[in-house]
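Q: Sharing target-v1.pdb below, PDB, C-alpha atoms:
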ATOM      1  CA  MET A  23     216.878 202.438 -50.707
ATOM      2  CA  SER A  24     213.966 203.756 -48.706
ATOM      3  CA  VAL A  25     214.608 204.627 -45.095
ATOM      4  CA  ASP A  26     213.232 202.532 -42.267
ATOM      5  CA  VAL A  27     210.239 204.237 -40.757
ATOM      6  CA  VAL A  28     208.315 203.412 -37.657
ATOM      7  CA  VAL A  29     204.658 204.373 -37.854
ATOM      8  CA  LYS A  30     203.152 202.622 -34.886
ATOM      9  CA  GLU A  31     199.688 201.226 -34.383
ATOM     10  CA  GLY A  32     198.968 204.169 -32.088
ATOM     11  CA  ASP A  33     199.760 206.612 -34.903
ATOM     12  CA  LEU A  34     197.395 204.781 -37.239
ATOM     13  CA  ALA A  35     194.752 204.681 -34.508
ATOM     14  CA  GLU A  36     194.966 208.441 -34.080
ATOM     15  CA  MET A  37     194.473 209.016 -37.808
ATOM     16  CA  VAL A  38     191.622 206.539 -38.012
ATOM     17  CA  GLU A  39     189.919 208.152 -35.047
ATOM     18  CA  GLN A  40     190.024 211.494 -36.866
ATOM     19  CA  VAL A  41     188.441 209.896 -39.943
ATOM     20  CA  TRP A  42     185.687 208.394 -37.828
ATOM     21  CA  VAL A  43     184.985 211.638 -35.986
ATOM     22  CA  SER A  44     185.001 213.635 -39.218
ATOM     23  CA  TYR A  45     182.966 211.410 -41.527
ATOM     24  CA  LEU A  46     181.895 208.017 -40.249
ATOM     25  CA  ASP A  47     180.823 208.633 -36.685
ATOM     26  CA  PRO A  48     180.502 212.388 -36.057
ATOM     27  CA  GLU A  49     178.267 211.766 -33.034
ATOM     28  CA  GLY A  50     180.953 209.593 -31.449
ATOM     29  CA  VAL A  51     178.567 206.721 -30.727
ATOM     30  CA  ASN A  52     180.004 203.996 -32.951
ATOM     31  CA  PRO A  53     183.824 204.076 -32.993
ATOM     32  CA  LEU A  54     186.210 201.543 -34.444
ATOM     33  CA  VAL A  55     187.089 199.177 -31.596
ATOM     34  CA  PRO A  56     190.632 197.768 -31.836
ATOM     35  CA  THR A  57     190.956 193.980 -31.647
ATOM     36  CA  GLY A  58     194.582 193.523 -32.633
ATOM     37  CA  ASP A  59     193.548 190.560 -34.756
ATOM     38  CA  ALA A  60     195.776 190.755 -37.829
ATOM     39  CA  LYS A  61     194.125 187.647 -39.248
ATOM     40  CA  GLN A  62     190.606 189.008 -39.352
ATOM     41  CA  PRO A  63     188.981 188.493 -42.752
ATOM     42  CA  SER A  64     188.430 191.270 -45.275
ATOM     43  CA  GLU A  65     186.516 191.414 -48.536
ATOM     44  CA  VAL A  66     187.434 194.793 -50.021
ATOM     45  CA  HIS A  67     190.758 196.641 -50.116
ATOM     46  CA  SER A  68     191.785 200.113 -51.097
ATOM     47  CA  SER A  69     195.347 201.311 -51.159
ATOM     48  CA  VAL A  70     197.638 204.146 -52.041
ATOM     49  CA  SER A  71     201.277 203.719 -52.882
ATOM     50  CA  ILE A  72     203.970 205.990 -51.527
ATOM     51  CA  THR A  73     207.224 206.487 -53.394
ATOM     52  CA  GLY A  74     210.305 208.587 -52.787
ATOM     53  CA  SER A  75     212.325 208.568 -49.579
ATOM     54  CA  TRP A  76     210.038 205.767 -48.370
ATOM     55  CA  THR A  77     208.362 203.230 -50.628
ATOM     56  CA  GLY A  78     205.393 201.087 -49.790
ATOM     57  CA  HIS A  79     201.632 201.003 -49.502
ATOM     58  CA  VAL A  80     198.916 202.034 -47.083
ATOM     59  CA  VAL A  81     195.948 199.662 -47.209
ATOM     60  CA  TYR A  82     192.399 200.117 -45.917
ATOM     61  CA  ALA A  83     190.508 196.811 -45.744
ATOM     62  CA  SER A  84     187.113 195.780 -44.466
ATOM     63  CA  SER A  85     184.129 193.523 -44.956
ATOM     64  CA  ILE A  86     181.658 194.494 -47.659
ATOM     65  CA  LYS A  87     179.111 195.377 -44.979
ATOM     66  CA  ALA A  88     181.557 197.774 -43.272
ATOM     67  CA  ALA A  89     182.428 199.277 -46.651
ATOM     68  CA  LYS A  90     178.744 199.874 -47.367
ATOM     69  CA  MET A  91     178.296 201.438 -43.926
ATOM     70  CA  ALA A  92     181.225 203.764 -44.632
ATOM     71  CA  ALA A  93     179.858 204.699 -48.044
ATOM     72  CA  ALA A  94     176.409 205.345 -46.598
ATOM     73  CA  ALA A  95     177.878 207.637 -43.932
ATOM     74  CA  PHE A  96     179.995 209.541 -46.461
ATOM     75  CA  LEU A  97     177.274 209.910 -49.056
ATOM     76  CA  ALA A  98     174.353 210.422 -46.667
ATOM     77  CA  MET A  99     172.542 207.469 -48.199
ATOM     78  CA  GLU A 100     170.935 204.319 -46.867
ATOM     79  CA  VAL A 101     173.157 201.208 -46.793
ATOM     80  CA  GLU A 102     170.708 199.437 -49.125
ATOM     81  CA  GLU A 103     171.170 202.169 -51.751
ATOM     82  CA  ILE A 104     174.951 201.803 -51.985
ATOM     83  CA  GLY A 105     176.267 200.516 -55.311
ATOM     84  CA  VAL A 106     179.680 199.322 -56.450
ATOM     85  CA  GLU A 107     180.659 202.760 -57.744
ATOM     86  CA  ASP A 108     179.788 204.310 -54.365
ATOM     87  CA  LEU A 109     181.882 201.688 -52.568
ATOM     88  CA  SER A 110     184.841 202.212 -54.851
ATOM     89  CA  ASP A 111     184.767 205.975 -54.529
ATOM     90  CA  VAL A 112     184.484 206.043 -50.737
ATOM     91  CA  LEU A 113     187.045 203.295 -50.127
ATOM     92  CA  GLY A 114     189.467 205.112 -52.414
ATOM     93  CA  GLU A 115     188.980 208.352 -50.533
ATOM     94  CA  LEU A 116     189.483 206.608 -47.182
ATOM     95  CA  ALA A 117     192.793 205.168 -48.395
ATOM     96  CA  ASN A 118     193.746 208.564 -49.772
ATOM     97  CA  ILE A 119     193.038 210.322 -46.474
ATOM     98  CA  VAL A 120     194.848 207.776 -44.308
ATOM     99  CA  GLY A 121     197.713 207.490 -46.804
ATOM    100  CA  GLY A 122     198.115 211.243 -47.002
ATOM    101  CA  ASN A 123     198.350 211.498 -43.252
ATOM    102  CA  VAL A 124     200.847 208.625 -43.106
ATOM    103  CA  LYS A 125     202.930 210.417 -45.730
ATOM    104  CA  ALA A 126     203.077 213.456 -43.462
ATOM    105  CA  MET A 127     204.844 211.292 -40.858
ATOM    106  CA  LEU A 128     207.474 210.110 -43.323
ATOM    107  CA  PRO A 129     210.732 211.857 -44.223
ATOM    108  CA  PRO A 130     210.396 214.682 -46.773
ATOM    109  CA  GLY A 131     210.454 213.693 -50.415
ATOM    110  CA  CYS A 132     207.572 211.226 -50.563
ATOM    111  CA  PHE A 133     204.837 211.179 -53.180
ATOM    112  CA  LEU A 134     201.346 209.717 -52.939
ATOM    113  CA  SER A 135     199.646 207.818 -55.753
ATOM    114  CA  LEU A 136     195.976 208.027 -56.614
ATOM    115  CA  PRO A 137     194.003 205.314 -54.788
ATOM    116  CA  GLN A 138     193.307 201.844 -56.113
ATOM    117  CA  VAL A 139     190.345 199.739 -54.994
ATOM    118  CA  VAL A 140     190.112 195.956 -55.191
ATOM    119  CA  MET A 141     186.869 194.148 -54.431
ATOM    120  CA  ALA A 142     188.523 190.874 -53.487
ATOM    121  CA  PRO A 143     189.293 188.969 -50.291
ATOM    122  CA  ASP A 144     192.653 189.274 -48.568
ATOM    123  CA  SER A 145     193.719 185.898 -49.958
ATOM    124  CA  ALA A 146     193.607 187.414 -53.452
ATOM    125  CA  THR A 147     195.200 190.726 -52.587
ATOM    126  CA  LYS A 148     198.992 190.704 -52.751
ATOM    127  CA  TYR A 149     201.597 193.402 -52.284
ATOM    128  CA  PRO A 150     204.656 191.953 -54.028
ATOM    129  CA  SER A 151     208.040 192.545 -52.439
ATOM    130  CA  ALA A 152     206.506 194.332 -49.504
ATOM    131  CA  GLU A 153     206.113 193.380 -45.873
ATOM    132  CA  ARG A 154     203.612 194.607 -43.331
ATOM    133  CA  ILE A 155     205.300 196.875 -40.809
ATOM    134  CA  SER A 156     202.298 198.198 -38.925
ATOM    135  CA  GLY A 157     198.581 197.706 -38.697
ATOM    136  CA  LEU A 158     195.457 198.683 -36.860
ATOM    137  CA  TYR A 159     192.838 195.946 -36.694
ATOM    138  CA  GLY A 160     189.416 196.407 -35.259
ATOM    139  CA  VAL A 161     185.678 196.033 -35.582
ATOM    140  CA  TRP A 162     183.145 198.675 -36.459
ATOM    141  CA  ASP A 163     179.618 197.724 -35.475
ATOM    142  CA  GLY A 164     180.866 194.132 -35.362
ATOM    143  CA  GLU A 165     182.407 194.279 -38.835
ATOM    144  CA  PRO A 166     186.157 193.936 -39.498
ATOM    145  CA  VAL A 167     188.092 197.047 -40.558
ATOM    146  CA  SER A 168     191.845 197.463 -40.775
ATOM    147  CA  VAL A 169     194.494 199.932 -41.841
ATOM    148  CA  SER A 170     197.949 198.548 -42.529
ATOM    149  CA  MET A 171     201.261 199.832 -43.760
ATOM    150  CA  TRP A 172     203.460 197.790 -46.082
ATOM    151  CA  GLN A 173     207.089 198.669 -46.775
ATOM    152  CA  SER A 174     208.884 197.621 -49.946
ATOM    153  CA  ARG A 175     211.622 195.164 -49.028
ATOM    154  CA  ASP A 176     214.236 196.510 -51.393
ATOM    155  CA  GLY A 177     213.167 200.138 -51.424
ATOM    156  CA  ARG A 178     213.310 200.314 -55.190
ATOM    157  CA  ASN A 179     210.740 202.581 -56.766
ATOM    158  CA  GLU A 180     210.319 200.709 -60.007
ATOM    159  CA  GLY A 181     208.285 197.601 -60.633
ATOM    160  CA  GLU A 182     206.033 197.951 -57.622
ATOM    161  CA  SER A 183     202.295 197.919 -57.730
ATOM    162  CA  ALA A 184     199.703 197.813 -54.996
TER     163      ALA A 184
ATOM    164  CA  MET B   5     177.006 233.334 -52.963
ATOM    165  CA  ARG B   6     178.374 230.584 -55.194
ATOM    166  CA  ALA B   7     180.955 227.910 -54.486
ATOM    167  CA  MET B   8     182.751 225.385 -56.661
ATOM    168  CA  VAL B   9     183.868 222.067 -55.181
ATOM    169  CA  ILE B  10     186.771 220.464 -57.051
ATOM    170  CA  ASP B  11     187.749 216.930 -56.052
ATOM    171  CA  ASP B  12     188.144 213.666 -57.932
ATOM    172  CA  SER B  13     186.285 211.857 -55.141
ATOM    173  CA  ARG B  14     182.524 212.056 -55.548
ATOM    174  CA  ALA B  15     182.158 211.251 -51.862
ATOM    175  CA  MET B  16     184.294 214.212 -50.859
ATOM    176  CA  ARG B  17     182.448 216.475 -53.306
ATOM    177  CA  MET B  18     179.186 215.456 -51.675
ATOM    178  CA  ILE B  19     180.483 216.175 -48.186
ATOM    179  CA  LEU B  20     181.788 219.588 -49.192
ATOM    180  CA  LYS B  21     178.616 220.435 -51.126
ATOM    181  CA  ARG B  22     176.526 219.518 -48.085
ATOM    182  CA  ILE B  23     178.554 221.901 -45.930
ATOM    183  CA  VAL B  24     178.491 224.880 -48.293
ATOM    184  CA  SER B  25     174.816 224.329 -49.125
ATOM    185  CA  LYS B  26     174.013 224.564 -45.418
ATOM    186  CA  LEU B  27     175.766 227.934 -45.510
ATOM    187  CA  ASN B  28     173.497 229.026 -48.364
ATOM    188  CA  PHE B  29     176.088 228.748 -51.113
ATOM    189  CA  GLU B  30     174.881 227.612 -54.504
ATOM    190  CA  ALA B  31     177.320 224.788 -55.226
ATOM    191  CA  THR B  32     178.736 223.445 -58.478
ATOM    192  CA  GLU B  33     181.305 220.679 -58.770
ATOM    193  CA  ALA B  34     184.162 219.447 -60.919
ATOM    194  CA  GLY B  35     186.236 216.263 -60.842
ATOM    195  CA  ASP B  36     189.609 217.851 -61.569
ATOM    196  CA  GLY B  37     191.288 221.165 -62.237
ATOM    197  CA  GLN B  38     190.812 221.097 -65.986
ATOM    198  CA  GLU B  39     187.111 220.295 -65.692
ATOM    199  CA  ALA B  40     186.806 223.191 -63.244
ATOM    200  CA  LEU B  41     188.519 225.621 -65.627
ATOM    201  CA  ASP B  42     186.302 224.451 -68.489
ATOM    202  CA  LEU B  43     183.227 224.960 -66.329
ATOM    203  CA  LEU B  44     184.376 228.392 -65.175
ATOM    204  CA  ALA B  45     184.865 229.422 -68.802
ATOM    205  CA  THR B  46     181.154 228.852 -69.423
ATOM    206  CA  MET B  47     179.975 230.796 -66.367
ATOM    207  CA  THR B  48     178.837 234.376 -66.610
ATOM    208  CA  GLU B  49     179.207 234.813 -62.850
ATOM    209  CA  VAL B  50     182.373 233.498 -61.248
ATOM    210  CA  PRO B  51     181.922 231.678 -57.900
ATOM    211  CA  GLU B  52     183.178 233.557 -54.869
ATOM    212  CA  LEU B  53     184.686 230.394 -53.377
ATOM    213  CA  ALA B  54     186.490 227.292 -54.637
ATOM    214  CA  LEU B  55     187.325 224.303 -52.426
ATOM    215  CA  ILE B  56     190.134 222.421 -54.148
ATOM    216  CA  ASP B  57     191.680 219.015 -53.661
ATOM    217  CA  TRP B  58     195.416 218.722 -54.411
ATOM    218  CA  ASN B  59     195.891 215.239 -55.878
ATOM    219  CA  MET B  60     193.641 214.844 -58.889
ATOM    220  CA  PRO B  61     194.092 213.369 -62.374
ATOM    221  CA  ASN B  62     194.405 215.606 -65.476
ATOM    222  CA  MET B  63     195.126 218.815 -63.572
ATOM    223  CA  ASN B  64     195.996 218.914 -59.897
ATOM    224  CA  GLY B  65     194.851 221.518 -57.427
ATOM    225  CA  LEU B  66     198.123 223.405 -57.281
ATOM    226  CA  GLU B  67     198.139 223.946 -61.034
ATOM    227  CA  PHE B  68     194.491 224.994 -60.904
ATOM    228  CA  VAL B  69     195.316 227.629 -58.270
ATOM    229  CA  THR B  70     198.196 228.910 -60.382
ATOM    230  CA  ARG B  71     195.989 229.124 -63.492
ATOM    231  CA  VAL B  72     193.210 230.932 -61.628
ATOM    232  CA  ARG B  73     195.606 233.453 -60.170
ATOM    233  CA  SER B  74     196.963 234.300 -63.628
ATOM    234  CA  ASP B  75     193.479 234.884 -65.080
ATOM    235  CA  PRO B  76     192.152 238.406 -64.412
ATOM    236  CA  ARG B  77     188.552 237.220 -64.760
ATOM    237  CA  LEU B  78     188.993 234.665 -61.960
ATOM    238  CA  ARG B  79     191.354 236.571 -59.721
ATOM    239  CA  GLU B  80     188.729 237.537 -57.136
ATOM    240  CA  MET B  81     187.868 233.926 -56.278
ATOM    241  CA  THR B  82     188.714 232.817 -52.756
ATOM    242  CA  LEU B  83     190.676 229.593 -53.050
ATOM    243  CA  VAL B  84     190.800 227.016 -50.260
ATOM    244  CA  MET B  85     192.908 223.888 -50.626
ATOM    245  CA  VAL B  86     191.213 220.859 -49.042
ATOM    246  CA  THR B  87     193.720 218.048 -49.105
ATOM    247  CA  THR B  88     195.630 215.293 -47.369
ATOM    248  CA  GLU B  89     198.897 217.072 -48.234
ATOM    249  CA  SER B  90     199.780 218.218 -44.743
ATOM    250  CA  GLU B  91     203.518 218.848 -44.843
ATOM    251  CA  GLN B  92     204.570 222.406 -44.089
ATOM    252  CA  SER B  93     206.422 222.651 -47.395
ATOM    253  CA  GLN B  94     203.267 221.771 -49.342
ATOM    254  CA  ILE B  95     201.185 224.291 -47.417
ATOM    255  CA  VAL B  96     203.769 226.964 -48.198
ATOM    256  CA  ARG B  97     203.699 225.997 -51.900
ATOM    257  CA  ALA B  98     199.927 226.268 -52.057
ATOM    258  CA  LEU B  99     199.803 229.614 -50.283
ATOM    259  CA  ALA B 100     202.644 230.939 -52.444
ATOM    260  CA  ALA B 101     200.729 229.891 -55.552
ATOM    261  CA  GLY B 102     197.767 231.927 -54.386
ATOM    262  CA  ALA B 103     195.573 229.789 -52.154
ATOM    263  CA  HIS B 104     193.959 231.774 -49.343
ATOM    264  CA  GLU B 105     193.473 228.964 -46.863
ATOM    265  CA  TYR B 106     194.385 225.354 -46.311
ATOM    266  CA  VAL B 107     192.220 222.611 -44.775
ATOM    267  CA  ILE B 108     193.724 219.194 -44.092
ATOM    268  CA  LYS B 109     191.645 216.039 -44.548
ATOM    269  CA  PRO B 110     190.107 214.610 -42.481
ATOM    270  CA  PHE B 111     188.202 217.696 -41.336
ATOM    271  CA  THR B 112     185.023 218.137 -39.374
ATOM    272  CA  GLU B 113     182.150 220.243 -40.620
ATOM    273  CA  GLY B 114     182.808 222.660 -37.780
ATOM    274  CA  ALA B 115     186.455 223.091 -38.722
ATOM    275  CA  MET B 116     185.532 223.869 -42.328
ATOM    276  CA  ILE B 117     182.927 226.427 -41.292
ATOM    277  CA  GLU B 118     185.453 228.083 -38.976
ATOM    278  CA  LYS B 119     187.911 228.444 -41.862
ATOM    279  CA  LEU B 120     185.236 229.999 -44.072
ATOM    280  CA  ALA B 121     184.294 232.354 -41.253
ATOM    281  CA  LEU B 122     187.934 233.398 -40.918
ATOM    282  CA  LEU B 123     187.857 234.259 -44.620
ATOM    283  CA  GLY B 124     184.749 236.380 -44.077
ATOM    284  CA  LEU B 125     182.623 234.169 -46.311
ATOM    285  CA  VAL B 126     180.189 233.175 -43.584
ATOM    286  CA  PRO B 127     179.194 235.002 -40.409
ATOM    287  CA  THR B 128     181.262 234.279 -37.331
ATOM    288  CA  GLY B 129     179.288 231.864 -35.192
ATOM    289  CA  ALA B 130     177.698 230.095 -38.182
ATOM    290  CA  ASN B 131     179.063 226.938 -36.633
ATOM    291  CA  SER B 132     177.107 227.255 -33.409
TER     292      SER B 132
END
Would you mind giving the structure from this file in structure tokens?
A:
Amino acid sequence: MSVDVVVKEGDLAEMVEQVWVSYLDPEGVNPLVPTGDAKQPSEVHSSVSITGSWTGHVVYASSIKAAKMAAAAFLAMEVEEIGVEDLSDVLGELANIVGGNVKAMLPPGCFLSLPQVVMAPDSATKYPSAERISGLYGVWDGEPVSVSMWQSRDGRNEGESA
Amino acid sequence: MRAMVIDDSRAMRMILKRIVSKLNFEATEAGDGQEALDLLATMTEVPELALIDWNMPNMNGLEFVTRVRSDPRLREMTLVMVTTESEQSQIVRALAAGAHEYVIKPFTEGAMIEKLALLGLVPTGANS
């Protein structure tokens, strides 16, 4: 069984702020503004799975427009130039960075998977046998962005996929 | 000066290449440890610096560091892990394997330049 872990919205917010300051908004003029709206729509999802003493997933989700803005900031390109491969790469790295920092808050003995990116709305993105335990929901330049943490219900390591 | 950026994320390679290029490094890149070793084998001049992600397919950063440290031709390279692996135990593992420095993602450009200055690879104050 995986242990129960409390990673609060404030912890996620701190990590996300670091990501914004480092890569997406180094000038500090366009931060992610929390809304607390867990039902906000999303069109793309990237996730990493964590196994070991805690099992579950860390999910980065946003609109396509926000994903393109993130990719443009990372790659120093114009939003109009961003292609699917650019989106996939940047969203994967965002999930990897947030997931890696979440892992550091978990008990020792956790392992991080490589990221997985799904270009599909939230209605088509399922995390079987897992429940959301924490989430940060906000808007970036008016576009929805969220980071959420999903814990496996039974804590088993096998048979799970993000 | 030459630098090699090793990360499976193209986005992260671009960010790191931008930083080292600003510092007048000539940058090459590889998508994993094995690709980096293959590339190094073809080079007549070994880069002075490698910035290395930890979690990569094919060969991870820790194994790359271990392989470089056991190769007399590559032994002079300065190795900096650039990774989300931020637990103390992982940092100790990387340093024990032969990494010189450790930078945790996310990092700012300024923080990376400071680390490189500490290693004597760029002048102190290059960040200002």
Q: Which residues fall under the PyMOL selection byres ((chain A and resi 75) around 6) in this file, as a PyMOL selection string?
A: chain A and resi 24+74+76+131-132
Q: May I have the residues of chain A within 7 Å of chain B, counting only C-alpha atoms, written as a list in words?
A: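 Written out as asked, the residues are Gln40, Val41, Ser44, Phe96, Leu97, Asp111, Val112, Glu115, Ile119, Gly122, Asn123 and Ala126 of chain A.
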Q: Could you state which residues are captured by the PyMOL selection byres ((chain A and resi 61-65) around 10) in this file, as a PyMOL selection string?
A: chain A and resi 57-60+66-67+82-89+140-147+159-161+165-168
Q: Could you work out how far CA of Asn28 in chain B lies from CA of Ala103 in chain B, giving the answer in Å with one decimal?
A: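 Distance between the two atoms: 22.4 Å.
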Q: Which distance in Å separates CA of Lys90 in chain A and CA of Ser110 in chain A, to one decimal?
A: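 Result for CA of Lys90 in chain A versus CA of Ser110 in chain A: 9.9 Å, one decimal.
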Q: To one decimal in Å, tell me the separation between CA of Glu67 in chain B and CA of Asp11 in chain B.
A: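 Going from CA of Glu67 in chain B over to CA of Asp11 in chain B, I get 13.5 Å.
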Q: Select, counting all atoms listed in the file, all protein, DNA and RNA residues no farther than 9 Å from (182.0, 225.5, -63.0) in file coordinates, and express the selection as a list in words.
A: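 The residues that fall inside the cut-off are Ala7, Met8, Val9, Thr32, Glu33, Ala34, Glu39, Ala40, Leu41, Asp42, Leu43, Leu44, Ala45, Thr46, Met47, Val50 and Pro51 of chain B.
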Q: Assuming the chain letters and numbering stay as they are in my file, what does the PyMOL selection byres ((chain A and resi 28) around 12) actually select? List them as a list in words.
A: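 Selected by the PyMOL selection byres ((chain A and resi 28) around 12) in this file: Val25, Asp26, Val27, Val29, Lys30, Glu31, Gly32, Asp33, Leu34, Trp76, Val124, Lys125, Met127, Leu128, Pro129, Arg154, Ile155, Ser156, Gly157, Met171, Trp172 and Gln173 of chain A.
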Q: Compare B:Glu49, B:His104, B:Pro127, B:Arg97 by their minimum atom-to-atom distance to Met85 in chain B, counting only C-alpha atoms, and give me the closest one.
A: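 Smallest distance to Met85 in chain B is found for B:His104.
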Q: In file coordinates, which residues lie within 9 Å of (184.7, 207.9, -40.5) using all atoms listed in the file, given as a PyMOL selection string?
A: (chain A and resi 38-48+53-54+92+95-96+116) or (chain B and resi 110)
